[in-house]
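Okay, so here's the structure we're looking at.
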Amino acid sequence: MFDFLLKILCLFGLTHNPSSCNKKGVAHFAFRALLWITYVDTILMYSISAFNVNFNSKIVVVNMICITTSAALVFIMTRQRETLTNLIKVLRVKNPLDQEKNLNFLIICLLCLPFTYAFTMVMFYAMSEQDFMFDFFTYGIAIEDKAMKYVIAYYKYLMYYFLYLTLPNLVTTTYVVSCRTCSESIQQLSLKGENCSPKAFTSRVQIGFMKDRKYIMKLVEEIQTVFSRASFFICMTNFMSCLSNLGQIIFYLTQNVAPTLIEILFISFSALTSMLSIFYYAGQIPIEMKRLTQVLKNKFEDRVLLGTDQDNSIVERLLIEENTFVMSGCDLIFFTRNGILPVLGTILTYGLLILSLDLKHKTQ
């Protein structure tokens, strides 16, 4: 299931894949070099545009922070390259094959979005006949050749999306699929416990459950180690992206309605989907762990009621008294299902505050 994902992550320099990377190492190195060139180029363009009246300096600064966070994500995940590669290979064995097509389709959609975004943005700005965005891509230098101008804009939009959104979304997809694989493994263990009769729930079976759960928890802890900082940076970037898009409604919507709406739609949808999926799927793990603990506790109670319980208090205590593990981002953001609504409420609250302050400043 993870084969295609492993190859794409290898293209971005986040994993090792001997069957592919050794043959296409030059192409992969060139693509990663283009990503870093895109980062430097974007920072330079934003620095110049900060003094342009057509751009809002606050939004420019936030966008610079967001693109820098995405670039930092490359550095963070590159340091975990070996561990991530081994983790994916382990999870690949535990994942059902019937989900492979869904994952591959999702990855293909993520890879197609940059091309769609770049084409749509260039087309709408070309139709609006306003050149300030094209001048933005050429550092304020006017280019008379329209074809050259459109090609430059398309390339920079394309690489910007790859670095700013596609890369974090691929990391999010890997994290989400890893969490989902572990939660489904815990769920299968719970079903196995429910189908086990109280009489068959002997000390040998109990130790088997303990071994299976310990193996799964080692995978969960390894996922936490690999993605702790990355998930924190992704959530922070997505949060700032949503606030930045709300600011764009104030400053750019009246100037360019269609391009602004398209950009807000692409970026906001991607940011919200990425952030909420982390909370949803990572938050499934503690839910399944609680369910497993309750199932095992019920089995011990049933054995006591049937009079078949044996004195094995150590195993019982280890099985039903384990603390629930909650995934987190740097131990600052804890990913639980009940954290989804507070996140949306925070974005809405701060967004409305920013809108009210900016509207007040603009009217004055």
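Ordering of the structure tokens sets the chain letters (A, B, ...), residue numbers begin anew at 1 in every chain, and ligands are numbered from 1 in the order given.
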Requested in this report: Identify, with DSSP run on backbone atoms, the residues in stretch 53-241 of chain A assigned to alpha helix (DSSP H), and express the list as a PyMOL selection string.
Outcome: chain A and resi 57-79+81-94+100-128+132-137+146-161+167-195+203-241
Might you pull out every residue within 12 Å of A:Phe12, with only C-alpha atoms counted and same-chain residues fewer than 3 positions away left off, and present them as a PDB file with all heavy atoms, in the first residue's frame?
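Saved result, around13.pdb, follows:
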```pdb
ATOM      1  N   LEU A   5       3.520   5.817  -2.237  1.00  0.00           N
ATOM      2  CA  LEU A   5       3.784   6.897  -1.291  1.00  0.00           C
ATOM      3  C   LEU A   5       5.278   6.988  -0.980  1.00  0.00           C
ATOM      4  O   LEU A   5       5.844   8.087  -0.900  1.00  0.00           O
ATOM      5  CB  LEU A   5       3.003   6.670   0.000  1.00  0.00           C
ATOM      6  CG  LEU A   5       3.239   7.666   1.147  1.00  0.00           C
ATOM      7  CD1 LEU A   5       2.851   9.073   0.726  1.00  0.00           C
ATOM      8  CD2 LEU A   5       2.467   7.244   2.382  1.00  0.00           C
ATOM      9  N   LEU A   6       5.924   5.842  -0.835  1.00  0.00           N
ATOM     10  CA  LEU A   6       7.354   5.814  -0.543  1.00  0.00           C
ATOM     11  C   LEU A   6       8.157   6.445  -1.675  1.00  0.00           C
ATOM     12  O   LEU A   6       9.118   7.182  -1.438  1.00  0.00           O
ATOM     13  CB  LEU A   6       7.800   4.374  -0.303  1.00  0.00           C
ATOM     14  CG  LEU A   6       9.143   4.154   0.397  1.00  0.00           C
ATOM     15  CD1 LEU A   6       9.110   4.724   1.804  1.00  0.00           C
ATOM     16  CD2 LEU A   6       9.487   2.672   0.432  1.00  0.00           C
ATOM     17  N   LYS A   7       7.763   6.182  -2.908  1.00  0.00           N
ATOM     18  CA  LYS A   7       8.472   6.757  -4.057  1.00  0.00           C
ATOM     19  C   LYS A   7       8.297   8.266  -4.128  1.00  0.00           C
ATOM     20  O   LYS A   7       9.241   8.997  -4.447  1.00  0.00           O
ATOM     21  CB  LYS A   7       7.951   6.108  -5.348  1.00  0.00           C
ATOM     22  CG  LYS A   7       8.304   4.637  -5.478  1.00  0.00           C
ATOM     23  CD  LYS A   7       7.732   4.049  -6.751  1.00  0.00           C
ATOM     24  CE  LYS A   7       8.054   2.562  -6.860  1.00  0.00           C
ATOM     25  NZ  LYS A   7       7.466   1.961  -8.079  1.00  0.00           N
ATOM     26  N   ILE A   8       7.079   8.742  -3.827  1.00  0.00           N
ATOM     27  CA  ILE A   8       6.835  10.185  -3.876  1.00  0.00           C
ATOM     28  C   ILE A   8       7.590  10.900  -2.757  1.00  0.00           C
ATOM     29  O   ILE A   8       8.184  11.966  -2.967  1.00  0.00           O
ATOM     30  CB  ILE A   8       5.320  10.481  -3.783  1.00  0.00           C
ATOM     31  CG1 ILE A   8       4.587   9.831  -4.953  1.00  0.00           C
ATOM     32  CG2 ILE A   8       5.073  11.978  -3.763  1.00  0.00           C
ATOM     33  CD1 ILE A   8       5.059  10.290  -6.323  1.00  0.00           C
ATOM     34  N   LEU A   9       7.595  10.310  -1.570  1.00  0.00           N
ATOM     35  CA  LEU A   9       8.355  10.897  -0.466  1.00  0.00           C
ATOM     36  C   LEU A   9       9.846  10.897  -0.771  1.00  0.00           C
ATOM     37  O   LEU A   9      10.572  11.817  -0.374  1.00  0.00           O
ATOM     38  CB  LEU A   9       8.084  10.123   0.828  1.00  0.00           C
ATOM     39  CG  LEU A   9       6.671  10.237   1.413  1.00  0.00           C
ATOM     40  CD1 LEU A   9       6.528   9.331   2.626  1.00  0.00           C
ATOM     41  CD2 LEU A   9       6.343  11.678   1.785  1.00  0.00           C
ATOM     42  N   THR A  15      12.446  10.168   2.290  1.00  0.00           N
ATOM     43  CA  THR A  15      12.680   8.750   2.590  1.00  0.00           C
ATOM     44  C   THR A  15      13.761   8.206   1.676  1.00  0.00           C
ATOM     45  O   THR A  15      14.148   8.831   0.682  1.00  0.00           O
ATOM     46  CB  THR A  15      11.395   7.911   2.381  1.00  0.00           C
ATOM     47  OG1 THR A  15      10.972   8.025   1.014  1.00  0.00           O
ATOM     48  CG2 THR A  15      10.285   8.352   3.313  1.00  0.00           C
ATOM     49  N   HIS A  16      14.233   7.016   2.026  1.00  0.00           N
ATOM     50  CA  HIS A  16      15.140   6.254   1.165  1.00  0.00           C
ATOM     51  C   HIS A  16      14.325   5.194   0.444  1.00  0.00           C
ATOM     52  O   HIS A  16      13.449   4.569   1.024  1.00  0.00           O
ATOM     53  CB  HIS A  16      16.229   5.564   1.994  1.00  0.00           C
ATOM     54  CG  HIS A  16      17.183   6.511   2.631  1.00  0.00           C
ATOM     55  ND1 HIS A  16      17.977   7.382   1.918  1.00  0.00           N
ATOM     56  CD2 HIS A  16      17.487   6.726   3.941  1.00  0.00           C
ATOM     57  CE1 HIS A  16      18.725   8.085   2.741  1.00  0.00           C
ATOM     58  NE2 HIS A  16      18.436   7.714   3.980  1.00  0.00           N
ATOM     59  N   ASN A  17      14.643   4.980  -0.815  1.00  0.00           N
ATOM     60  CA  ASN A  17      13.997   3.919  -1.578  1.00  0.00           C
ATOM     61  C   ASN A  17      15.024   3.356  -2.551  1.00  0.00           C
ATOM     62  O   ASN A  17      15.161   3.855  -3.672  1.00  0.00           O
ATOM     63  CB  ASN A  17      12.771   4.444  -2.328  1.00  0.00           C
ATOM     64  CG  ASN A  17      11.941   3.314  -2.927  1.00  0.00           C
ATOM     65  OD1 ASN A  17      12.349   2.169  -2.932  1.00  0.00           O
ATOM     66  ND2 ASN A  17      10.766   3.663  -3.421  1.00  0.00           N
ATOM     67  N   CYS A  21      15.518   5.326  -5.884  1.00  0.00           N
ATOM     68  CA  CYS A  21      16.348   6.511  -5.694  1.00  0.00           C
ATOM     69  C   CYS A  21      17.731   6.344  -6.279  1.00  0.00           C
ATOM     70  O   CYS A  21      18.324   7.310  -6.726  1.00  0.00           O
ATOM     71  CB  CYS A  21      16.440   6.846  -4.201  1.00  0.00           C
ATOM     72  SG  CYS A  21      14.914   7.544  -3.562  1.00  0.00           S
ATOM     73  N   GLY A  25      18.602   9.204  -8.846  1.00  0.00           N
ATOM     74  CA  GLY A  25      19.111  10.110  -7.831  1.00  0.00           C
ATOM     75  C   GLY A  25      19.329  11.518  -8.342  1.00  0.00           C
ATOM     76  O   GLY A  25      19.088  12.497  -7.628  1.00  0.00           O
ATOM     77  N   ALA A  27      17.709  13.097 -10.822  1.00  0.00           N
ATOM     78  CA  ALA A  27      16.419  13.783 -11.006  1.00  0.00           C
ATOM     79  C   ALA A  27      15.832  14.191  -9.667  1.00  0.00           C
ATOM     80  O   ALA A  27      15.293  15.294  -9.522  1.00  0.00           O
ATOM     81  CB  ALA A  27      15.449  12.874 -11.753  1.00  0.00           C
ATOM     82  N   HIS A  28      15.934  13.336  -8.663  1.00  0.00           N
ATOM     83  CA  HIS A  28      15.400  13.656  -7.339  1.00  0.00           C
ATOM     84  C   HIS A  28      16.179  14.799  -6.698  1.00  0.00           C
ATOM     85  O   HIS A  28      15.593  15.682  -6.071  1.00  0.00           O
ATOM     86  CB  HIS A  28      15.452  12.417  -6.440  1.00  0.00           C
ATOM     87  CG  HIS A  28      14.498  11.340  -6.868  1.00  0.00           C
ATOM     88  ND1 HIS A  28      14.450  10.113  -6.262  1.00  0.00           N
ATOM     89  CD2 HIS A  28      13.564  11.312  -7.849  1.00  0.00           C
ATOM     90  CE1 HIS A  28      13.514   9.365  -6.838  1.00  0.00           C
ATOM     91  NE2 HIS A  28      12.982  10.072  -7.804  1.00  0.00           N
ATOM     92  N   PHE A  29      17.506  14.786  -6.862  1.00  0.00           N
ATOM     93  CA  PHE A  29      18.317  15.879  -6.328  1.00  0.00           C
ATOM     94  C   PHE A  29      17.968  17.194  -7.018  1.00  0.00           C
ATOM     95  O   PHE A  29      17.894  18.245  -6.365  1.00  0.00           O
ATOM     96  CB  PHE A  29      19.799  15.558  -6.518  1.00  0.00           C
ATOM     97  CG  PHE A  29      20.713  16.664  -6.076  1.00  0.00           C
ATOM     98  CD1 PHE A  29      21.019  16.836  -4.733  1.00  0.00           C
ATOM     99  CD2 PHE A  29      21.261  17.545  -7.008  1.00  0.00           C
ATOM    100  CE1 PHE A  29      21.850  17.864  -4.320  1.00  0.00           C
ATOM    101  CE2 PHE A  29      22.091  18.569  -6.606  1.00  0.00           C
ATOM    102  CZ  PHE A  29      22.393  18.729  -5.257  1.00  0.00           C
ATOM    103  N   ALA A  30      17.737  17.146  -8.334  1.00  0.00           N
ATOM    104  CA  ALA A  30      17.377  18.359  -9.077  1.00  0.00           C
ATOM    105  C   ALA A  30      16.042  18.912  -8.599  1.00  0.00           C
ATOM    106  O   ALA A  30      15.878  20.134  -8.457  1.00  0.00           O
ATOM    107  CB  ALA A  30      17.331  18.055 -10.573  1.00  0.00           C
ATOM    108  N   PHE A  31      15.073  18.020  -8.344  1.00  0.00           N
ATOM    109  CA  PHE A  31      13.762  18.493  -7.877  1.00  0.00           C
ATOM    110  C   PHE A  31      13.866  19.120  -6.495  1.00  0.00           C
ATOM    111  O   PHE A  31      13.262  20.163  -6.228  1.00  0.00           O
ATOM    112  CB  PHE A  31      12.776  17.316  -7.849  1.00  0.00           C
ATOM    113  CG  PHE A  31      11.390  17.696  -7.413  1.00  0.00           C
ATOM    114  CD1 PHE A  31      10.541  18.368  -8.273  1.00  0.00           C
ATOM    115  CD2 PHE A  31      10.939  17.406  -6.130  1.00  0.00           C
ATOM    116  CE1 PHE A  31       9.263  18.734  -7.869  1.00  0.00           C
ATOM    117  CE2 PHE A  31       9.663  17.760  -5.724  1.00  0.00           C
ATOM    118  CZ  PHE A  31       8.831  18.429  -6.604  1.00  0.00           C
ATOM    119  N   ARG A  32      14.641  18.506  -5.602  1.00  0.00           N
ATOM    120  CA  ARG A  32      14.813  19.090  -4.266  1.00  0.00           C
ATOM    121  C   ARG A  32      15.551  20.422  -4.341  1.00  0.00           C
ATOM    122  O   ARG A  32      15.253  21.344  -3.562  1.00  0.00           O
ATOM    123  CB  ARG A  32      15.550  18.099  -3.360  1.00  0.00           C
ATOM    124  CG  ARG A  32      14.748  16.845  -3.068  1.00  0.00           C
ATOM    125  CD  ARG A  32      15.353  16.057  -1.931  1.00  0.00           C
ATOM    126  NE  ARG A  32      16.609  15.426  -2.313  1.00  0.00           N
ATOM    127  CZ  ARG A  32      16.704  14.213  -2.841  1.00  0.00           C
ATOM    128  NH1 ARG A  32      15.608  13.502  -3.078  1.00  0.00           N
ATOM    129  NH2 ARG A  32      17.873  13.698  -3.124  1.00  0.00           N
ATOM    130  N   ALA A  33      16.488  20.531  -5.278  1.00  0.00           N
ATOM    131  CA  ALA A  33      17.186  21.808  -5.466  1.00  0.00           C
ATOM    132  C   ALA A  33      16.219  22.878  -5.949  1.00  0.00           C
ATOM    133  O   ALA A  33      16.291  24.046  -5.522  1.00  0.00           O
ATOM    134  CB  ALA A  33      18.333  21.631  -6.463  1.00  0.00           C
ATOM    135  N   LEU A  34      15.284  22.492  -6.817  1.00  0.00           N
ATOM    136  CA  LEU A  34      14.279  23.447  -7.291  1.00  0.00           C
ATOM    137  C   LEU A  34      13.391  23.927  -6.150  1.00  0.00           C
ATOM    138  O   LEU A  34      12.983  25.096  -6.126  1.00  0.00           O
ATOM    139  CB  LEU A  34      13.425  22.807  -8.388  1.00  0.00           C
ATOM    140  CG  LEU A  34      14.070  22.640  -9.768  1.00  0.00           C
ATOM    141  CD1 LEU A  34      13.110  21.922 -10.702  1.00  0.00           C
ATOM    142  CD2 LEU A  34      14.465  23.989 -10.346  1.00  0.00           C
ATOM    143  N   LEU A  35      13.097  23.039  -5.206  1.00  0.00           N
ATOM    144  CA  LEU A  35      12.285  23.440  -4.057  1.00  0.00           C
ATOM    145  C   LEU A  35      13.002  24.493  -3.222  1.00  0.00           C
ATOM    146  O   LEU A  35      12.391  25.486  -2.800  1.00  0.00           O
ATOM    147  CB  LEU A  35      11.948  22.223  -3.192  1.00  0.00           C
ATOM    148  CG  LEU A  35      10.963  21.198  -3.783  1.00  0.00           C
ATOM    149  CD1 LEU A  35      10.780  20.030  -2.824  1.00  0.00           C
ATOM    150  CD2 LEU A  35       9.618  21.852  -4.062  1.00  0.00           C
ATOM    151  N   TRP A  36      14.294  24.293  -2.992  1.00  0.00           N
ATOM    152  CA  TRP A  36      15.043  25.277  -2.200  1.00  0.00           C
ATOM    153  C   TRP A  36      15.215  26.591  -2.969  1.00  0.00           C
ATOM    154  O   TRP A  36      15.169  27.675  -2.380  1.00  0.00           O
ATOM    155  CB  TRP A  36      16.405  24.704  -1.807  1.00  0.00           C
ATOM    156  CG  TRP A  36      16.309  23.698  -0.708  1.00  0.00           C
ATOM    157  CD1 TRP A  36      16.506  22.364  -0.789  1.00  0.00           C
ATOM    158  CD2 TRP A  36      15.958  23.960   0.657  1.00  0.00           C
ATOM    159  NE1 TRP A  36      16.305  21.755   0.430  1.00  0.00           N
ATOM    160  CE2 TRP A  36      15.972  22.712   1.341  1.00  0.00           C
ATOM    161  CE3 TRP A  36      15.642  25.108   1.372  1.00  0.00           C
ATOM    162  CZ2 TRP A  36      15.678  22.596   2.698  1.00  0.00           C
ATOM    163  CZ3 TRP A  36      15.346  24.993   2.731  1.00  0.00           C
ATOM    164  CH2 TRP A  36      15.370  23.754   3.369  1.00  0.00           C
ATOM    165  N   ALA A  71       9.529  25.131   4.463  1.00  0.00           N
ATOM    166  CA  ALA A  71      10.931  24.807   4.175  1.00  0.00           C
ATOM    167  C   ALA A  71      11.590  24.137   5.374  1.00  0.00           C
ATOM    168  O   ALA A  71      12.392  23.205   5.225  1.00  0.00           O
ATOM    169  CB  ALA A  71      11.687  26.075   3.786  1.00  0.00           C
ATOM    170  N   LEU A  73      10.106  22.277   7.421  1.00  0.00           N
ATOM    171  CA  LEU A  73       9.560  20.924   7.483  1.00  0.00           C
ATOM    172  C   LEU A  73      10.432  19.947   6.696  1.00  0.00           C
ATOM    173  O   LEU A  73      10.589  18.789   7.103  1.00  0.00           O
ATOM    174  CB  LEU A  73       8.130  20.926   6.936  1.00  0.00           C
ATOM    175  CG  LEU A  73       7.347  19.626   7.033  1.00  0.00           C
ATOM    176  CD1 LEU A  73       7.143  19.229   8.482  1.00  0.00           C
ATOM    177  CD2 LEU A  73       5.994  19.782   6.336  1.00  0.00           C
ATOM    178  N   VAL A  74      10.992  20.417   5.584  1.00  0.00           N
ATOM    179  CA  VAL A  74      11.898  19.570   4.800  1.00  0.00           C
ATOM    180  C   VAL A  74      13.111  19.177   5.643  1.00  0.00           C
ATOM    181  O   VAL A  74      13.517  18.011   5.676  1.00  0.00           O
ATOM    182  CB  VAL A  74      12.351  20.312   3.523  1.00  0.00           C
ATOM    183  CG1 VAL A  74      13.331  19.452   2.731  1.00  0.00           C
ATOM    184  CG2 VAL A  74      11.158  20.688   2.666  1.00  0.00           C
ATOM    185  N   PHE A  75      13.680  20.158   6.326  1.00  0.00           N
ATOM    186  CA  PHE A  75      14.847  19.900   7.168  1.00  0.00           C
ATOM    187  C   PHE A  75      14.498  18.944   8.303  1.00  0.00           C
ATOM    188  O   PHE A  75      15.261  18.024   8.618  1.00  0.00           O
ATOM    189  CB  PHE A  75      15.372  21.226   7.724  1.00  0.00           C
ATOM    190  CG  PHE A  75      16.525  21.083   8.670  1.00  0.00           C
ATOM    191  CD1 PHE A  75      17.789  20.772   8.197  1.00  0.00           C
ATOM    192  CD2 PHE A  75      16.342  21.232  10.038  1.00  0.00           C
ATOM    193  CE1 PHE A  75      18.866  20.627   9.067  1.00  0.00           C
ATOM    194  CE2 PHE A  75      17.407  21.087  10.915  1.00  0.00           C
ATOM    195  CZ  PHE A  75      18.669  20.780  10.422  1.00  0.00           C
ATOM    196  N   MET A  77      12.030  16.642   8.508  1.00  0.00           N
ATOM    197  CA  MET A  77      11.747  15.285   8.056  1.00  0.00           C
ATOM    198  C   MET A  77      12.974  14.618   7.452  1.00  0.00           C
ATOM    199  O   MET A  77      13.094  13.387   7.498  1.00  0.00           O
ATOM    200  CB  MET A  77      10.605  15.305   7.033  1.00  0.00           C
ATOM    201  CG  MET A  77       9.268  15.744   7.606  1.00  0.00           C
ATOM    202  SD  MET A  77       8.752  14.776   9.048  1.00  0.00           S
ATOM    203  CE  MET A  77       8.635  13.128   8.351  1.00  0.00           C
ATOM    204  N   THR A  78      13.882  15.401   6.876  1.00  0.00           N
ATOM    205  CA  THR A  78      15.102  14.820   6.327  1.00  0.00           C
ATOM    206  C   THR A  78      15.941  14.174   7.424  1.00  0.00           C
ATOM    207  O   THR A  78      16.574  13.129   7.216  1.00  0.00           O
ATOM    208  CB  THR A  78      15.924  15.889   5.595  1.00  0.00           C
ATOM    209  OG1 THR A  78      15.141  16.446   4.531  1.00  0.00           O
ATOM    210  CG2 THR A  78      17.189  15.287   4.995  1.00  0.00           C
ATOM    211  N   ARG A  81      14.760  10.688   8.054  1.00  0.00           N
ATOM    212  CA  ARG A  81      14.591   9.938   6.793  1.00  0.00           C
ATOM    213  C   ARG A  81      14.712   8.429   7.000  1.00  0.00           C
ATOM    214  O   ARG A  81      13.852   7.662   6.541  1.00  0.00           O
ATOM    215  CB  ARG A  81      15.624  10.428   5.783  1.00  0.00           C
ATOM    216  CG  ARG A  81      15.508   9.780   4.404  1.00  0.00           C
ATOM    217  CD  ARG A  81      16.637  10.250   3.512  1.00  0.00           C
ATOM    218  NE  ARG A  81      16.603  11.690   3.351  1.00  0.00           N
ATOM    219  CZ  ARG A  81      17.603  12.389   2.811  1.00  0.00           C
ATOM    220  NH1 ARG A  81      18.705  11.776   2.433  1.00  0.00           N
ATOM    221  NH2 ARG A  81      17.495  13.695   2.682  1.00  0.00           N
ATOM    222  N   LEU A 111      -0.836  15.480  -6.191  1.00  0.00           N
ATOM    223  CA  LEU A 111       0.183  15.855  -7.168  1.00  0.00           C
ATOM    224  C   LEU A 111      -0.403  16.625  -8.352  1.00  0.00           C
ATOM    225  O   LEU A 111       0.325  17.365  -9.020  1.00  0.00           O
ATOM    226  CB  LEU A 111       0.903  14.603  -7.678  1.00  0.00           C
ATOM    227  CG  LEU A 111       1.700  13.824  -6.625  1.00  0.00           C
ATOM    228  CD1 LEU A 111       2.308  12.573  -7.241  1.00  0.00           C
ATOM    229  CD2 LEU A 111       2.784  14.694  -6.009  1.00  0.00           C
ATOM    230  N   PHE A 162       3.890  23.365  -4.717  1.00  0.00           N
ATOM    231  CA  PHE A 162       4.593  22.144  -4.327  1.00  0.00           C
ATOM    232  C   PHE A 162       5.246  22.299  -2.957  1.00  0.00           C
ATOM    233  O   PHE A 162       5.154  21.414  -2.095  1.00  0.00           O
ATOM    234  CB  PHE A 162       5.656  21.780  -5.360  1.00  0.00           C
ATOM    235  CG  PHE A 162       5.179  20.839  -6.426  1.00  0.00           C
ATOM    236  CD1 PHE A 162       5.193  21.204  -7.763  1.00  0.00           C
ATOM    237  CD2 PHE A 162       4.695  19.575  -6.096  1.00  0.00           C
ATOM    238  CE1 PHE A 162       4.747  20.333  -8.741  1.00  0.00           C
ATOM    239  CE2 PHE A 162       4.240  18.702  -7.062  1.00  0.00           C
ATOM    240  CZ  PHE A 162       4.268  19.087  -8.402  1.00  0.00           C
ATOM    241  N   LEU A 163       5.917  23.440  -2.744  1.00  0.00           N
ATOM    242  CA  LEU A 163       6.628  23.650  -1.495  1.00  0.00           C
ATOM    243  C   LEU A 163       5.696  24.015  -0.359  1.00  0.00           C
ATOM    244  O   LEU A 163       5.834  23.495   0.766  1.00  0.00           O
ATOM    245  CB  LEU A 163       7.673  24.761  -1.684  1.00  0.00           C
ATOM    246  CG  LEU A 163       8.483  25.156  -0.444  1.00  0.00           C
ATOM    247  CD1 LEU A 163       9.276  23.971   0.088  1.00  0.00           C
ATOM    248  CD2 LEU A 163       9.404  26.320  -0.755  1.00  0.00           C
ATOM    249  N   THR A 166       1.815  21.049  -1.144  1.00  0.00           N
ATOM    250  CA  THR A 166       1.931  19.634  -1.488  1.00  0.00           C
ATOM    251  C   THR A 166       2.852  18.895  -0.524  1.00  0.00           C
ATOM    252  O   THR A 166       2.524  17.796  -0.052  1.00  0.00           O
ATOM    253  CB  THR A 166       2.446  19.469  -2.926  1.00  0.00           C
ATOM    254  OG1 THR A 166       1.578  20.158  -3.826  1.00  0.00           O
ATOM    255  CG2 THR A 166       2.499  18.001  -3.311  1.00  0.00           C
ATOM    256  N   LEU A 167       4.001  19.482  -0.230  1.00  0.00           N
ATOM    257  CA  LEU A 167       4.935  18.835   0.695  1.00  0.00           C
ATOM    258  C   LEU A 167       4.320  18.609   2.073  1.00  0.00           C
ATOM    259  O   LEU A 167       4.344  17.480   2.585  1.00  0.00           O
ATOM    260  CB  LEU A 167       6.221  19.661   0.786  1.00  0.00           C
ATOM    261  CG  LEU A 167       7.252  19.194   1.812  1.00  0.00           C
ATOM    262  CD1 LEU A 167       7.754  17.794   1.467  1.00  0.00           C
ATOM    263  CD2 LEU A 167       8.419  20.169   1.890  1.00  0.00           C
ATOM    264  N   PRO A 168       3.754  19.641   2.733  1.00  0.00           N
ATOM    265  CA  PRO A 168       3.095  19.382   4.026  1.00  0.00           C
ATOM    266  C   PRO A 168       1.944  18.388   3.931  1.00  0.00           C
ATOM    267  O   PRO A 168       1.734  17.585   4.852  1.00  0.00           O
ATOM    268  CB  PRO A 168       2.594  20.766   4.459  1.00  0.00           C
ATOM    269  CG  PRO A 168       3.477  21.734   3.743  1.00  0.00           C
ATOM    270  CD  PRO A 168       3.780  21.089   2.429  1.00  0.00           C
ATOM    271  N   LEU A 170       1.686  15.842   1.882  1.00  0.00           N
ATOM    272  CA  LEU A 170       2.235  14.489   1.781  1.00  0.00           C
ATOM    273  C   LEU A 170       2.689  13.982   3.148  1.00  0.00           C
ATOM    274  O   LEU A 170       2.481  12.806   3.487  1.00  0.00           O
ATOM    275  CB  LEU A 170       3.404  14.475   0.796  1.00  0.00           C
ATOM    276  CG  LEU A 170       3.042  14.577  -0.683  1.00  0.00           C
ATOM    277  CD1 LEU A 170       4.296  14.725  -1.528  1.00  0.00           C
ATOM    278  CD2 LEU A 170       2.247  13.359  -1.134  1.00  0.00           C
ATOM    279  N   VAL A 171       3.307  14.862   3.933  1.00  0.00           N
ATOM    280  CA  VAL A 171       3.696  14.480   5.292  1.00  0.00           C
ATOM    281  C   VAL A 171       2.457  14.184   6.131  1.00  0.00           C
ATOM    282  O   VAL A 171       2.415  13.205   6.892  1.00  0.00           O
ATOM    283  CB  VAL A 171       4.544  15.592   5.941  1.00  0.00           C
ATOM    284  CG1 VAL A 171       4.878  15.234   7.397  1.00  0.00           C
ATOM    285  CG2 VAL A 171       5.833  15.814   5.154  1.00  0.00           C
TER     286      VAL A 171
END
```
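Using only C-alpha atoms, the residues found no farther than 6 Å from stretch 325-336 of chain A, other than those of its own chain fewer than 6 positions away, are Ser228, Arg229, Ser231, Phe232, Phe279, Ala282, Gly283 and Pro286 of chain A.
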Expected file: the selected residues, all heavy atoms, as a tab-separated table (two decimals), in the first residue's frame:
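New file part.tsv:
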```tsv
chain	number	residue	atom	x	y	z
A	228	SER	N	6.32	14.18	15.59
A	228	SER	CA	5.98	15.13	16.66
A	228	SER	C	6.21	16.57	16.22
A	228	SER	O	5.29	17.40	16.24
A	228	SER	CB	6.78	14.82	17.92
A	228	SER	OG	6.50	15.76	18.94
A	229	ARG	N	7.43	16.89	15.83
A	229	ARG	CA	7.73	18.26	15.41
A	229	ARG	C	7.08	18.61	14.08
A	229	ARG	O	6.62	19.74	13.88
A	229	ARG	CB	9.24	18.46	15.34
A	229	ARG	CG	9.92	18.55	16.70
A	229	ARG	CD	11.40	18.80	16.58
A	229	ARG	NE	12.09	17.65	16.03
A	229	ARG	CZ	13.40	17.60	15.76
A	229	ARG	NH1	14.14	18.66	15.97
A	229	ARG	NH2	13.94	16.50	15.27
A	231	SER	N	4.24	17.49	12.78
A	231	SER	CA	2.81	17.76	12.94
A	231	SER	C	2.57	19.11	13.60
A	231	SER	O	1.61	19.82	13.27
A	231	SER	CB	2.16	16.65	13.78
A	231	SER	OG	2.76	16.55	15.06
A	232	PHE	N	3.44	19.50	14.51
A	232	PHE	CA	3.32	20.82	15.14
A	232	PHE	C	3.51	21.93	14.11
A	232	PHE	O	2.72	22.88	14.06
A	232	PHE	CB	4.35	20.96	16.26
A	232	PHE	CG	4.39	22.33	16.90
A	232	PHE	CD1	3.42	22.71	17.82
A	232	PHE	CD2	5.38	23.23	16.56
A	232	PHE	CE1	3.44	23.97	18.39
A	232	PHE	CE2	5.41	24.50	17.13
A	232	PHE	CZ	4.45	24.86	18.04
A	279	PHE	N	-6.10	15.82	13.55
A	279	PHE	CA	-6.84	15.70	14.81
A	279	PHE	C	-7.78	14.49	14.77
A	279	PHE	O	-7.93	13.79	15.79
A	279	PHE	CB	-7.65	16.97	15.07
A	279	PHE	CG	-6.87	18.07	15.72
A	279	PHE	CD1	-6.11	18.94	14.96
A	279	PHE	CD2	-6.87	18.24	17.09
A	279	PHE	CE1	-5.37	19.96	15.55
A	279	PHE	CE2	-6.14	19.25	17.70
A	279	PHE	CZ	-5.39	20.11	16.93
A	282	ALA	N	-5.39	10.92	14.27
A	282	ALA	CA	-4.52	10.73	15.44
A	282	ALA	C	-5.36	10.61	16.71
A	282	ALA	O	-4.97	9.90	17.65
A	282	ALA	CB	-3.54	11.89	15.56
A	283	GLY	N	-6.51	11.28	16.74
A	283	GLY	CA	-7.40	11.19	17.89
A	283	GLY	C	-8.15	9.88	17.98
A	283	GLY	O	-8.77	9.58	19.02
A	286	PRO	N	-6.33	7.02	20.87
A	286	PRO	CA	-6.75	6.88	22.28
A	286	PRO	C	-8.16	6.34	22.44
A	286	PRO	O	-8.46	5.65	23.42
A	286	PRO	CB	-6.64	8.31	22.83
A	286	PRO	CG	-6.61	9.21	21.64
A	286	PRO	CD	-5.97	8.41	20.56
```
One residue among A:Gln206, A:Thr174, A:Ser70, A:Thr237 is nearest to A:Lys192 when using only C-alpha atoms, and that residue is A:Gln206
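Proximity of A:Val226, A:Ile347, A:Val177, A:Leu353 to A:Leu84, computed with only C-alpha atoms, is greatest for A:Val226.
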